[in-house]
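Student: Contents of final.cif (mmCIF, C-alpha atoms) are given next:
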data_structure
#
loop_
_atom_site.label_atom_id
_atom_site.label_comp_id
_atom_site.auth_asym_id
_atom_site.auth_seq_id
_atom_site.Cartn_x
_atom_site.Cartn_y
_atom_site.Cartn_z
CA MET A 1 127.34 12.60 40.23
CA PHE A 2 129.85 15.30 39.37
CA SER A 3 130.52 16.15 43.02
CA ASP A 4 131.57 12.56 43.77
CA LYS A 5 134.27 12.84 41.12
CA ALA A 6 135.35 16.29 42.28
CA ASN A 7 135.62 15.30 45.94
CA ALA A 8 137.60 12.17 45.05
CA ILE A 9 140.04 14.19 42.92
CA PHE A 10 140.44 16.82 45.64
CA LYS A 11 141.35 14.07 48.11
CA GLU A 12 143.89 12.68 45.65
CA ALA A 13 145.48 16.08 45.16
CA ILE A 14 145.74 16.77 48.90
CA ASP A 15 147.07 13.30 49.71
CA ASN A 16 149.66 13.52 46.92
CA TYR A 17 150.74 17.01 47.99
CA LYS A 18 151.16 15.83 51.58
CA VAL A 19 153.60 13.06 50.59
CA LEU A 20 156.38 15.65 50.43
CA ASN A 21 154.37 18.42 52.10
CA SER A 22 156.56 21.15 50.61
CA VAL A 23 155.57 24.32 48.77
CA ASP A 24 158.72 23.91 46.66
CA GLN A 25 157.88 20.48 45.27
CA ALA A 26 157.33 20.11 41.54
CA PHE A 27 153.75 19.86 40.32
CA SER A 28 152.76 16.93 38.15
CA ASN A 29 149.14 16.48 37.09
CA ILE A 30 148.06 12.84 37.23
CA TYR A 31 145.10 13.57 34.91
CA ASP A 32 145.82 13.90 31.20
CA ARG A 33 144.38 17.10 29.77
CA ASP A 34 143.30 15.44 26.51
CA GLU A 35 141.75 12.37 28.11
CA ASP A 36 140.02 14.02 31.08
CA LEU A 37 140.04 17.80 30.88
CA ILE A 38 137.79 18.42 33.87
CA GLY A 39 139.78 15.95 35.99
CA HIS A 40 142.96 17.74 34.93
CA LEU A 41 141.51 21.13 35.94
CA LEU A 42 140.07 19.93 39.25
CA TYR A 43 143.37 18.32 40.27
CA ARG A 44 145.31 21.47 39.39
CA LYS A 45 142.80 23.63 41.24
CA CYS A 46 143.12 21.70 44.49
CA TRP A 47 146.90 21.52 44.21
CA ILE A 48 147.03 25.32 43.94
CA ASP A 49 144.81 25.55 47.01
CA SER A 50 147.04 23.11 48.93
CA VAL A 51 150.15 25.15 48.22
CA GLN A 52 148.40 28.38 49.10
CA TRP A 53 147.12 26.90 52.36
CA ALA A 54 150.76 26.24 53.29
CA TYR A 55 151.79 29.74 52.18
CA GLU A 56 149.13 31.25 54.44
CA ASP A 57 150.42 29.21 57.40
CA ILE A 58 154.04 30.20 56.78
CA ILE A 59 153.40 33.92 56.43
CA ARG A 60 151.67 33.98 59.83
CA ASP A 61 154.90 33.01 61.59
CA PRO A 62 155.44 35.95 64.00
CA ASN A 63 159.21 35.52 63.62
CA ILE A 64 159.30 35.47 59.83
CA ASP A 65 162.04 37.52 58.22
CA PRO A 66 160.49 40.66 56.65
CA VAL A 67 162.32 40.11 53.36
CA ALA A 68 161.12 36.50 53.25
CA ALA A 69 157.60 37.67 54.10
CA LEU A 70 157.59 40.10 51.17
CA GLU A 71 158.81 37.39 48.82
CA LEU A 72 156.10 35.07 50.12
CA LYS A 73 153.45 37.77 49.67
CA ARG A 74 154.44 37.94 46.01
CA LYS A 75 154.04 34.16 45.76
CA ILE A 76 150.60 34.37 47.39
CA ASP A 77 149.56 37.05 44.89
CA ALA A 78 150.73 34.88 41.99
CA SER A 79 148.96 31.86 43.47
CA ASN A 80 145.72 33.83 43.80
CA GLN A 81 145.93 34.81 40.14
CA ASP A 82 146.61 31.19 39.17
CA ARG A 83 143.64 30.08 41.25
CA THR A 84 141.34 32.62 39.60
CA ASP A 85 142.55 31.66 36.12
CA THR A 86 141.94 27.98 36.84
CA VAL A 87 138.42 28.66 38.12
CA GLU A 88 137.70 30.52 34.90
CA TYR A 89 139.07 27.59 32.86
CA ILE A 90 136.65 25.31 34.72
CA ASP A 91 133.75 27.61 33.87
CA SER A 92 134.91 27.62 30.23
CA TYR A 93 134.71 23.82 30.31
CA PHE A 94 131.08 23.95 31.43
CA LEU A 95 130.20 26.74 28.98
CA ASP A 96 131.46 24.54 26.16
CA LYS A 97 129.81 21.40 27.53
CA TYR A 98 126.38 23.03 27.74
CA LYS A 99 126.63 25.36 24.75
CA ASP A 100 123.97 23.45 22.78
CA VAL A 101 121.40 23.21 25.59
CA THR A 102 118.06 24.82 24.78
CA VAL A 103 117.29 27.29 27.55
CA GLN A 104 113.71 26.95 28.80
CA PRO A 105 111.40 29.97 28.95
CA GLY A 106 111.73 31.60 32.35
CA ALA A 107 115.14 30.08 33.02
CA LYS A 108 117.19 31.99 35.57
CA VAL A 109 120.86 32.63 36.09
CA ASN A 110 122.47 31.36 39.31
CA SER A 111 124.05 33.74 41.82
CA GLU A 112 127.46 32.13 41.21
CA SER A 113 128.90 30.07 38.39
CA PRO A 114 129.54 26.33 38.79
CA ALA A 115 133.30 26.84 39.00
CA TRP A 116 133.15 29.32 41.87
CA ALA A 117 131.01 26.86 43.83
CA ILE A 118 133.58 24.17 42.97
CA ASP A 119 136.29 26.54 44.23
CA ARG A 120 134.58 26.54 47.62
CA LEU A 121 134.32 22.75 47.52
CA SER A 122 138.07 22.43 46.94
CA ILE A 123 138.90 24.70 49.87
CA LEU A 124 136.39 22.82 51.99
CA ALA A 125 138.30 19.60 51.25
CA LEU A 126 141.41 21.21 52.74
CA LYS A 127 139.51 22.40 55.81
CA ILE A 128 138.22 18.87 56.36
CA TYR A 129 141.68 17.37 55.93
CA HIS A 130 143.33 19.70 58.42
CA MET A 131 140.47 19.65 60.93
CA ARG A 132 140.52 15.86 60.91
CA LEU A 133 144.23 15.97 61.78
CA GLU A 134 143.42 18.13 64.81
CA THR A 135 140.96 15.53 66.12
CA THR A 136 143.80 13.03 66.48
CA ARG A 137 146.84 15.22 67.18
CA GLU A 138 148.81 13.49 69.94
CA ASN A 139 149.94 16.61 71.79
CA ALA A 140 146.47 18.21 71.76
CA SER A 141 144.19 18.19 74.81
CA ASP A 142 141.02 16.13 74.92
CA SER A 143 138.94 19.30 74.96
CA HIS A 144 140.71 20.56 71.84
CA LYS A 145 140.11 17.26 70.06
CA ALA A 146 136.45 17.26 71.06
CA ALA A 147 135.95 20.83 69.87
CA CYS A 148 137.64 20.04 66.56
CA GLN A 149 135.47 16.95 66.12
CA LYS A 150 132.37 19.14 66.40
CA LYS A 151 133.82 21.49 63.80
CA LEU A 152 134.70 18.56 61.57
CA ASN A 153 131.12 17.30 61.75
CA VAL A 154 129.88 20.69 60.59
CA LEU A 155 132.41 20.78 57.74
CA LEU A 156 131.35 17.31 56.59
CA GLU A 157 127.72 18.37 56.60
CA GLN A 158 128.65 21.52 54.71
CA ARG A 159 130.46 19.45 52.06
CA LYS A 160 127.40 17.24 51.65
CA ASP A 161 125.12 20.26 51.21
CA LEU A 162 127.49 22.07 48.85
CA SER A 163 128.01 18.91 46.78
CA THR A 164 124.25 18.52 46.41
CA ALA A 165 123.86 22.17 45.45
CA ILE A 166 126.56 21.86 42.76
CA ASP A 167 125.01 18.70 41.33
CA ASP A 168 121.56 20.34 41.31
CA LEU A 169 122.95 23.45 39.58
CA LEU A 170 124.67 21.42 36.86
CA HIS A 171 121.49 19.39 36.33
CA ASP A 172 119.44 22.58 36.02
CA ILE A 173 121.90 23.98 33.47
CA GLU A 174 121.94 20.69 31.55
CA THR A 175 118.14 20.67 31.33
CA GLY A 176 117.80 24.37 30.52
CA ARG A 177 116.12 25.39 33.76
CA LYS A 178 119.09 27.65 34.52
CA TYR A 179 121.74 29.12 32.26
CA MET A 180 125.35 30.10 32.73
CA LYS A 181 126.45 33.70 32.60
CA VAL A 182 130.10 34.11 33.51
CA TYR A 183 131.79 37.37 34.42
CA LYS A 184 135.57 37.33 34.26
CA GLN A 185 137.11 38.56 37.49
CA MET A 186 138.93 41.43 35.82
CA LYS A 187 141.31 41.84 38.75
CA MET A 188 142.96 45.24 38.57
CA TYR A 189 145.85 45.07 41.01
CA ASN A 190 147.99 42.72 38.87
CA ASP A 191 147.47 44.70 35.66
CA GLU A 192 150.23 47.17 34.78
CA GLU A 193 147.73 49.35 32.93
CA LEU A 194 145.10 49.37 35.68
CA ASN A 195 147.19 49.54 38.85
CA PRO A 196 148.63 53.09 39.22
CA VAL A 197 151.55 51.84 41.32
CA LEU A 198 152.57 49.36 38.61
CA ARG A 199 152.20 52.16 36.03
CA GLY A 200 154.71 54.16 38.04
CA GLN A 201 152.20 56.80 39.10
CA LYS A 202 151.98 58.24 42.61
#
Rewrite the structure from the file as structure tokens, please.
Tutor:
Amino acid sequence: MFSDKANAIFKEAIDNYKVLNSVDQAFSNIYDRDEDLIGHLLYRKCWIDSVQWAYEDIIRDPNIDPVAALELKRKIDASNQDRTDTVEYIDSYFLDKYKDVTVQPGAKVNSESPAWAIDRLSILALKIYHMRLETTRENASDSHKAACQKKLNVLLEQRKDLSTAIDDLLHDIETGRKYMKVYKQMKMYNDEELNPVLRGQK
């Protein structure tokens, strides 16, 4: 199943990121783009999410230097754009993969594209990783560990359900029972022509 591959790659990306556990480390994709394009995209997607998770932790430091915070906000904005672009590349992969499928009469479009569901699965992998750490943190109280274990159980169930939903959606697209219709995000705030502040207007 596709979700098995995706979840395994997300775990690889998180584990590899955590070896150095630094937002400044160089990124190297262990999946060759020509040999395994979807593996390449999934690994990159989860790596972006791992870095951004760390960014979001750092910027919440109440003692952060304001200048450093502004610089980090710019990095978060760039990371968000990179994340969105990568999600759209993943959807492009599926559009190409299923371009020759004959759509059945009465086929319906899904409320979200496969890649945006996969985006949620990648972030869920990070939630599971970090919540699992909290269940064993040495300086945490027993009550904290117990509460985090309950949350972890919910997250694991959520991953199972979301994985099934993604696999079902891809199967429905593959068999023509549903069809893909992708809307580019068309974010306006990073575009110099669409954002009045970037255009220099008041």
Student: Report the residues retrieved by the PyMOL selection byres ((chain A and resi 24) around 12) from the displayed file, expressed as a ChimeraX atom specification.
Tutor: /A:17,20-23,25-27,50-52,54-55,72,75
Student: Write the residues of the selection above to a file with C-alpha atoms, as an mmCIF file, keeping the file's coordinate frame.
Tutor:
data_model
loop_
_atom_site.group_PDB
_atom_site.id
_atom_site.type_symbol
_atom_site.label_atom_id
_atom_site.label_comp_id
_atom_site.auth_asym_id
_atom_site.auth_seq_id
_atom_site.Cartn_x
_atom_site.Cartn_y
_atom_site.Cartn_z
ATOM 1 C CA TYR A 17 150.740 17.010 47.990
ATOM 2 C CA LEU A 20 156.380 15.650 50.430
ATOM 3 C CA ASN A 21 154.370 18.420 52.100
ATOM 4 C CA SER A 22 156.560 21.150 50.610
ATOM 5 C CA VAL A 23 155.570 24.320 48.770
ATOM 6 C CA GLN A 25 157.880 20.480 45.270
ATOM 7 C CA ALA A 26 157.330 20.110 41.540
ATOM 8 C CA PHE A 27 153.750 19.860 40.320
ATOM 9 C CA SER A 50 147.040 23.110 48.930
ATOM 10 C CA VAL A 51 150.150 25.150 48.220
ATOM 11 C CA GLN A 52 148.400 28.380 49.100
ATOM 12 C CA ALA A 54 150.760 26.240 53.290
ATOM 13 C CA TYR A 55 151.790 29.740 52.180
ATOM 14 C CA LEU A 72 156.100 35.070 50.120
ATOM 15 C CA LYS A 75 154.040 34.160 45.760
#
Student: Kindly provide, as an mmCIF file with C-alpha atoms, in the frame of the given file, the polymer residues lying within 9 Å of (146.1, 17.0, 41.9), counting all atoms listed in the file and using the coordinates exactly as they appear in the file.
Tutor:
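Output (result-v3.cif):
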data_model
loop_
_atom_site.group_PDB
_atom_site.id
_atom_site.type_symbol
_atom_site.label_atom_id
_atom_site.label_comp_id
_atom_site.auth_asym_id
_atom_site.auth_seq_id
_atom_site.Cartn_x
_atom_site.Cartn_y
_atom_site.Cartn_z
ATOM 1 C CA ILE A 9 140.040 14.190 42.920
ATOM 2 C CA PHE A 10 140.440 16.820 45.640
ATOM 3 C CA LYS A 11 141.350 14.070 48.110
ATOM 4 C CA GLU A 12 143.890 12.680 45.650
ATOM 5 C CA ALA A 13 145.480 16.080 45.160
ATOM 6 C CA ILE A 14 145.740 16.770 48.900
ATOM 7 C CA ASP A 15 147.070 13.300 49.710
ATOM 8 C CA ASN A 16 149.660 13.520 46.920
ATOM 9 C CA TYR A 17 150.740 17.010 47.990
ATOM 10 C CA PHE A 27 153.750 19.860 40.320
ATOM 11 C CA SER A 28 152.760 16.930 38.150
ATOM 12 C CA ASN A 29 149.140 16.480 37.090
ATOM 13 C CA ILE A 30 148.060 12.840 37.230
ATOM 14 C CA TYR A 31 145.100 13.570 34.910
ATOM 15 C CA GLY A 39 139.780 15.950 35.990
ATOM 16 C CA HIS A 40 142.960 17.740 34.930
ATOM 17 C CA LEU A 41 141.510 21.130 35.940
ATOM 18 C CA LEU A 42 140.070 19.930 39.250
ATOM 19 C CA TYR A 43 143.370 18.320 40.270
ATOM 20 C CA ARG A 44 145.310 21.470 39.390
ATOM 21 C CA LYS A 45 142.800 23.630 41.240
ATOM 22 C CA CYS A 46 143.120 21.700 44.490
ATOM 23 C CA TRP A 47 146.900 21.520 44.210
ATOM 24 C CA ILE A 48 147.030 25.320 43.940
#
Student: Could you give me, as a list in words, the residues within 8 Å of segment 107-116 of chain A, counting only C-alpha atoms and dropping anything in the same chain fewer than 2 positions from it?
Tutor: Val87, Glu88, Ile90, Asp91, Phe94, Val103, Gln104, Pro105, Ile118, Asp119, Arg120, Ile166, Leu169, Leu170, Gly176, Arg177, Lys178, Tyr179, Met180, Lys181 and Val182 of chain A
Student: Would you export the selected residues with C-alpha atoms as a compact mmCIF listing (two decimals), in the coordinates of the input, please?
Tutor:
# COMPACT_ATOMS: atom_id res chain seq x y z
CA VAL A 87 138.42 28.66 38.12
CA GLU A 88 137.70 30.52 34.90
CA ILE A 90 136.65 25.31 34.72
CA ASP A 91 133.75 27.61 33.87
CA PHE A 94 131.08 23.95 31.43
CA VAL A 103 117.29 27.29 27.55
CA GLN A 104 113.71 26.95 28.80
CA PRO A 105 111.40 29.97 28.95
CA ILE A 118 133.58 24.17 42.97
CA ASP A 119 136.29 26.54 44.23
CA ARG A 120 134.58 26.54 47.62
CA ILE A 166 126.56 21.86 42.76
CA LEU A 169 122.95 23.45 39.58
CA LEU A 170 124.67 21.42 36.86
CA GLY A 176 117.80 24.37 30.52
CA ARG A 177 116.12 25.39 33.76
CA LYS A 178 119.09 27.65 34.52
CA TYR A 179 121.74 29.12 32.26
CA MET A 180 125.35 30.10 32.73
CA LYS A 181 126.45 33.70 32.60
CA VAL A 182 130.10 34.11 33.51
Student: Go through the shown structure with the PyMOL selection byres ((chain A and resi 126) around 9) and write out the matching residues as a list in words.
Tutor: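 Evaluating the PyMOL selection byres ((chain A and resi 126) around 9) on these coordinates yields Phe10, Lys11, Ile14, Cys46, Asp49, Ser50, Trp53, Leu121, Ser122, Ile123, Leu124, Ala125, Lys127, Ile128, Tyr129, His130 and Met131 of chain A.
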Student: What gap, in Å, lies between atom CA of Ser163 of chain A and atom CA of Asn7 of chain A?
Tutor: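 For atom CA of Ser163 of chain A relative to atom CA of Asn7 of chain A, the distance reads 8.5 Å.
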Student: Measure the distance from atom CA of Glu134 of chain A to atom CA of Asp57 of chain A in Å and round it to one decimal.
Tutor: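 About the pair atom CA of Glu134 of chain A and atom CA of Asp57 of chain A: they are 15.1 Å apart.
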Student: What gap, in Å, lies between atom CA of Lys97 of chain A and atom CA of Leu162 of chain A?
Tutor: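 Taking atom CA of Lys97 of chain A and atom CA of Leu162 of chain A, their separation equals 21.5 Å.
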Student: What residues come out when you apply the PyMOL selection byres ((chain A and resi 151-156) around 9) to this file, written as JSON, numbers by chain?
Tutor: {"A": [124, 125, 127, 128, 131, 132, 135, 146, 147, 148, 149, 150, 157, 158, 159, 160, 161]}
Student: Edge lengths and centre in Å to one decimal, as JSON, of the axis-aligned box that encloses all listed atoms of segment 131-141 of chain A with 6 Å added on every side?
Tutor:
{"center_x": 145.2, "center_y": 16.3, "center_z": 67.9, "size_x": 21.5, "size_y": 18.6, "size_z": 25.9}
Student: Between A:Glu193, A:Ala117, A:Lys99, A:Glu35, which one has atoms that come closest to Thr164 of chain A, using only C-alpha atoms?
Tutor: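 Of the candidates, the smallest distance to Thr164 of chain A is held by A:Ala117.
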Student: Please rebuild segment 6-33 of chain A with N, CA and C atoms and return the result as a short mmCIF file (atom, residue, chain, number, x, y, z; two decimals), keeping the file's coordinate frame.
Tutor:
data_model
loop_
_atom_site.label_atom_id
_atom_site.label_comp_id
_atom_site.auth_asym_id
_atom_site.auth_seq_id
_atom_site.Cartn_x
_atom_site.Cartn_y
_atom_site.Cartn_z
N ALA A 6 134.58 15.15 41.81
CA ALA A 6 135.35 16.29 42.28
C ALA A 6 135.94 16.04 43.66
N ASN A 7 135.13 15.55 44.57
CA ASN A 7 135.62 15.30 45.94
C ASN A 7 136.71 14.23 45.96
N ALA A 8 136.58 13.22 45.11
CA ALA A 8 137.60 12.17 45.05
C ALA A 8 138.92 12.74 44.51
N ILE A 9 138.83 13.59 43.50
CA ILE A 9 140.04 14.19 42.92
C ILE A 9 140.68 15.15 43.91
N PHE A 10 139.88 15.91 44.64
CA PHE A 10 140.44 16.82 45.64
C PHE A 10 141.21 16.04 46.70
N LYS A 11 140.65 14.90 47.11
CA LYS A 11 141.35 14.07 48.11
C LYS A 11 142.67 13.54 47.55
N GLU A 12 142.65 13.14 46.29
CA GLU A 12 143.89 12.68 45.65
C GLU A 12 144.94 13.78 45.65
N ALA A 13 144.53 14.97 45.26
CA ALA A 13 145.48 16.08 45.16
C ALA A 13 146.08 16.41 46.52
N ILE A 14 145.24 16.46 47.55
CA ILE A 14 145.74 16.77 48.90
C ILE A 14 146.66 15.67 49.40
N ASP A 15 146.24 14.42 49.25
CA ASP A 15 147.07 13.30 49.71
C ASP A 15 148.42 13.27 48.98
N ASN A 16 148.41 13.54 47.69
CA ASN A 16 149.66 13.52 46.92
C ASN A 16 150.56 14.69 47.30
N TYR A 17 149.95 15.85 47.54
CA TYR A 17 150.74 17.01 47.99
C TYR A 17 151.40 16.71 49.34
N LYS A 18 150.68 16.06 50.21
CA LYS A 18 151.16 15.83 51.58
C LYS A 18 152.26 14.77 51.66
N VAL A 19 152.51 14.04 50.57
CA VAL A 19 153.60 13.06 50.59
C VAL A 19 154.92 13.76 50.87
N LEU A 20 155.18 14.85 50.17
CA LEU A 20 156.38 15.65 50.43
C LEU A 20 156.07 16.85 51.33
N ASN A 21 154.84 17.33 51.25
CA ASN A 21 154.37 18.42 52.10
C ASN A 21 155.31 19.64 52.03
N SER A 22 155.66 20.02 50.81
CA SER A 22 156.56 21.15 50.61
C SER A 22 156.01 22.06 49.52
N VAL A 23 156.04 23.37 49.77
CA VAL A 23 155.57 24.32 48.77
C VAL A 23 156.52 24.38 47.57
N ASP A 24 157.72 23.85 47.73
CA ASP A 24 158.72 23.91 46.66
C ASP A 24 158.74 22.67 45.78
N GLN A 25 157.89 21.70 46.07
CA GLN A 25 157.88 20.48 45.27
C GLN A 25 157.34 20.75 43.87
N ALA A 26 157.79 19.96 42.92
CA ALA A 26 157.33 20.11 41.54
C ALA A 26 155.89 19.61 41.42
N PHE A 27 155.13 20.27 40.56
CA PHE A 27 153.75 19.86 40.32
C PHE A 27 153.68 18.95 39.11
N SER A 28 152.98 17.84 39.26
CA SER A 28 152.76 16.93 38.15
C SER A 28 151.29 16.50 38.18
N ASN A 29 150.57 16.79 37.13
CA ASN A 29 149.14 16.48 37.09
C ASN A 29 148.95 15.02 36.68
N ILE A 30 148.26 14.26 37.51
CA ILE A 30 148.06 12.84 37.23
C ILE A 30 146.90 12.61 36.25
N TYR A 31 146.20 13.67 35.87
CA TYR A 31 145.10 13.57 34.91
C TYR A 31 145.52 14.19 33.58
N ASP A 32 145.44 13.42 32.52
CA ASP A 32 145.82 13.90 31.20
C ASP A 32 144.79 14.91 30.68
N ARG A 33 145.27 16.04 30.22
CA ARG A 33 144.38 17.10 29.77
C ARG A 33 143.50 16.66 28.60
#
